[in-house]
Amino acid sequence: MRQYQLKETKEITKIICNRCGKETKVVSGIPKREMLHVEHTWGGYFSGKDGESCSFDLCEECFDEITKGGFLIPTECKDE
Ligand SMILES: [Zn+2]
């Protein structure tokens, strides 16, 4: 005899760039194009967003435009 338990799973099917809306398919957990994912929970006493959780995804082109055009101090990048 075999007993089964129904399990509900969530699987990512695509990632959408929050800035430009470009979609990237995800097949078997692997995105077709690398995307930046940022997740942060504001938990400090000096934040106006205390306890608020924020997340977004960016494609590489939007990452380049934001970091090269919108940062006073350049992003620190190293070759791994
Ligand atoms: Zn984008």
# chains A, B, ... in the order shown; residues from 1 in each chain; ligands from 1
$ residues_near_ligand --ligand "ligand 1" --cutoff "12 Å" --atoms "only C-alpha atoms and all ligand atoms" --output "list in words"
Ile15, Ile16, Cys17, Asn18, Arg19, Cys20, Gly21, Lys22, Glu23, Thr24, Arg33, Glu34, Met35, Leu36, His37, Phe56, Asp57, Leu58, Cys59, Glu60, Glu61, Cys62, Phe63, Asp64, Glu65 and Ile66 of chain A
$ residues_around --residues "Val27 (chain A)" --least-positions-apart "2" --cutoff "9 Å" --atoms "only C-alpha atoms" --output "list in words"
Ile12, Thr13, Lys14, Lys25, Gly29, Ile30, Pro31 and Lys32 of chain A
$ atom_distance --atom1 "CA of Val38 (chain A)" --atom2 "CA of Thr75 (chain A)"
15.0 Å
$ select_by_dssp --residues "chain A" --states "strand (DSSP E)" --output "JSON, numbers by chain"
{"A": [14, 15, 16, 23, 24, 25, 26, 27, 30, 31, 36, 37, 38, 39, 40, 41, 53, 54, 55, 56, 57, 58]}
$ atom_distance --atom1 "CA of Cys54 (chain A)" --atom2 "CA of Lys68 (chain A)"
22.7 Å
$ atom_distance --atom1 "CA of Lys10 (chain A)" --atom2 "CA of Ser55 (chain A)"
17.6 Å
$ decode --residues "region 49-62 of chain A" --atoms "all heavy atoms" --output "mmCIF file, in the first residue's frame"
data_model
loop_
_atom_site.group_PDB
_atom_site.id
_atom_site.type_symbol
_atom_site.label_atom_id
_atom_site.label_comp_id
_atom_site.auth_asym_id
_atom_site.auth_seq_id
_atom_site.Cartn_x
_atom_site.Cartn_y
_atom_site.Cartn_z
ATOM 1 N N LYS A 49 10.193 53.411 6.432
ATOM 2 C CA LYS A 49 9.536 52.208 5.905
ATOM 3 C C LYS A 49 9.689 51.051 6.879
ATOM 4 O O LYS A 49 9.724 49.890 6.468
ATOM 5 C CB LYS A 49 10.177 51.803 4.572
ATOM 6 C CG LYS A 49 10.075 52.832 3.478
ATOM 7 C CD LYS A 49 10.775 52.313 2.241
ATOM 8 C CE LYS A 49 10.845 53.323 1.139
ATOM 9 N NZ LYS A 49 11.601 54.533 1.516
ATOM 10 N N ASP A 50 9.778 51.300 8.129
ATOM 11 C CA ASP A 50 10.045 50.266 9.125
ATOM 12 C C ASP A 50 9.129 49.053 8.951
ATOM 13 O O ASP A 50 7.907 49.169 8.965
ATOM 14 C CB ASP A 50 9.877 50.852 10.532
ATOM 15 C CG ASP A 50 10.525 49.949 11.577
ATOM 16 O OD1 ASP A 50 11.326 49.089 11.190
ATOM 17 O OD2 ASP A 50 10.219 50.125 12.764
ATOM 18 N N GLY A 51 9.741 47.892 8.746
ATOM 19 C CA GLY A 51 8.978 46.645 8.610
ATOM 20 C C GLY A 51 8.471 46.382 7.207
ATOM 21 O O GLY A 51 7.904 45.325 6.945
ATOM 22 N N GLU A 52 8.685 47.312 6.286
ATOM 23 C CA GLU A 52 8.188 47.129 4.922
ATOM 24 C C GLU A 52 9.188 46.305 4.116
ATOM 25 O O GLU A 52 10.387 46.561 4.164
ATOM 26 C CB GLU A 52 8.008 48.512 4.276
ATOM 27 C CG GLU A 52 7.196 48.511 3.013
ATOM 28 C CD GLU A 52 6.980 49.929 2.471
ATOM 29 O OE1 GLU A 52 6.840 50.866 3.274
ATOM 30 O OE2 GLU A 52 6.969 50.084 1.253
ATOM 31 N N SER A 53 8.698 45.311 3.379
ATOM 32 C CA SER A 53 9.558 44.482 2.530
ATOM 33 C C SER A 53 9.414 44.904 1.077
ATOM 34 O O SER A 53 8.295 45.062 0.593
ATOM 35 C CB SER A 53 9.172 43.015 2.646
ATOM 36 O OG SER A 53 9.588 42.503 3.881
ATOM 37 N N CYS A 54 10.536 45.085 0.412
ATOM 38 C CA CYS A 54 10.530 45.511 -0.983
ATOM 39 C C CYS A 54 11.367 44.542 -1.810
ATOM 40 O O CYS A 54 12.378 44.029 -1.332
ATOM 41 C CB CYS A 54 11.138 46.904 -1.129
ATOM 42 S SG CYS A 54 10.320 48.172 -0.144
ATOM 43 N N SER A 55 10.960 44.296 -3.049
ATOM 44 C CA SER A 55 11.764 43.484 -3.947
ATOM 45 C C SER A 55 11.541 43.947 -5.374
ATOM 46 O O SER A 55 10.489 44.512 -5.701
ATOM 47 C CB SER A 55 11.420 42.001 -3.813
ATOM 48 O OG SER A 55 10.128 41.749 -4.299
ATOM 49 N N PHE A 56 12.574 43.762 -6.196
ATOM 50 C CA PHE A 56 12.439 44.055 -7.625
ATOM 51 C C PHE A 56 13.476 43.264 -8.406
ATOM 52 O O PHE A 56 14.437 42.744 -7.840
ATOM 53 C CB PHE A 56 12.563 45.562 -7.905
ATOM 54 C CG PHE A 56 13.883 46.173 -7.506
ATOM 55 C CD1 PHE A 56 14.966 46.161 -8.355
ATOM 56 C CD2 PHE A 56 14.017 46.779 -6.264
ATOM 57 C CE1 PHE A 56 16.174 46.732 -7.980
ATOM 58 C CE2 PHE A 56 15.211 47.361 -5.880
ATOM 59 C CZ PHE A 56 16.302 47.334 -6.748
ATOM 60 N N ASP A 57 13.241 43.184 -9.717
ATOM 61 C CA ASP A 57 14.171 42.502 -10.620
ATOM 62 C C ASP A 57 14.558 43.477 -11.732
ATOM 63 O O ASP A 57 13.731 44.285 -12.170
ATOM 64 C CB ASP A 57 13.507 41.263 -11.235
ATOM 65 C CG ASP A 57 13.251 40.183 -10.198
ATOM 66 O OD1 ASP A 57 14.198 39.460 -9.864
ATOM 67 O OD2 ASP A 57 12.117 40.102 -9.689
ATOM 68 N N LEU A 58 15.803 43.387 -12.155
ATOM 69 C CA LEU A 58 16.286 44.236 -13.244
ATOM 70 C C LEU A 58 17.018 43.396 -14.270
ATOM 71 O O LEU A 58 17.788 42.498 -13.903
ATOM 72 C CB LEU A 58 17.263 45.294 -12.719
ATOM 73 C CG LEU A 58 16.720 46.449 -11.894
ATOM 74 C CD1 LEU A 58 17.876 47.329 -11.424
ATOM 75 C CD2 LEU A 58 15.715 47.279 -12.670
ATOM 76 N N CYS A 59 16.815 43.714 -15.566
ATOM 77 C CA CYS A 59 17.617 43.069 -16.603
ATOM 78 C C CYS A 59 18.998 43.744 -16.614
ATOM 79 O O CYS A 59 19.191 44.797 -15.999
ATOM 80 C CB CYS A 59 16.929 43.177 -17.967
ATOM 81 S SG CYS A 59 16.885 44.839 -18.670
ATOM 82 N N GLU A 60 19.932 43.143 -17.328
ATOM 83 C CA GLU A 60 21.304 43.661 -17.317
ATOM 84 C C GLU A 60 21.382 45.066 -17.936
ATOM 85 O O GLU A 60 22.123 45.920 -17.450
ATOM 86 C CB GLU A 60 22.219 42.699 -18.086
ATOM 87 C CG GLU A 60 23.684 42.997 -17.886
ATOM 88 C CD GLU A 60 24.593 41.947 -18.521
ATOM 89 O OE1 GLU A 60 24.099 40.904 -18.991
ATOM 90 O OE2 GLU A 60 25.803 42.183 -18.528
ATOM 91 N N GLU A 61 20.609 45.314 -18.987
ATOM 92 C CA GLU A 61 20.642 46.629 -19.634
ATOM 93 C C GLU A 61 20.156 47.719 -18.673
ATOM 94 O O GLU A 61 20.761 48.793 -18.574
ATOM 95 C CB GLU A 61 19.757 46.636 -20.900
ATOM 96 C CG GLU A 61 20.305 45.804 -22.042
ATOM 97 C CD GLU A 61 20.058 44.302 -21.887
ATOM 98 O OE1 GLU A 61 19.215 43.898 -21.057
ATOM 99 O OE2 GLU A 61 20.745 43.526 -22.583
ATOM 100 N N CYS A 62 19.083 47.446 -17.937
ATOM 101 C CA CYS A 62 18.561 48.439 -16.989
ATOM 102 C C CYS A 62 19.524 48.622 -15.819
ATOM 103 O O CYS A 62 19.714 49.736 -15.338
ATOM 104 C CB CYS A 62 17.168 48.045 -16.507
ATOM 105 S SG CYS A 62 15.916 48.265 -17.787
#
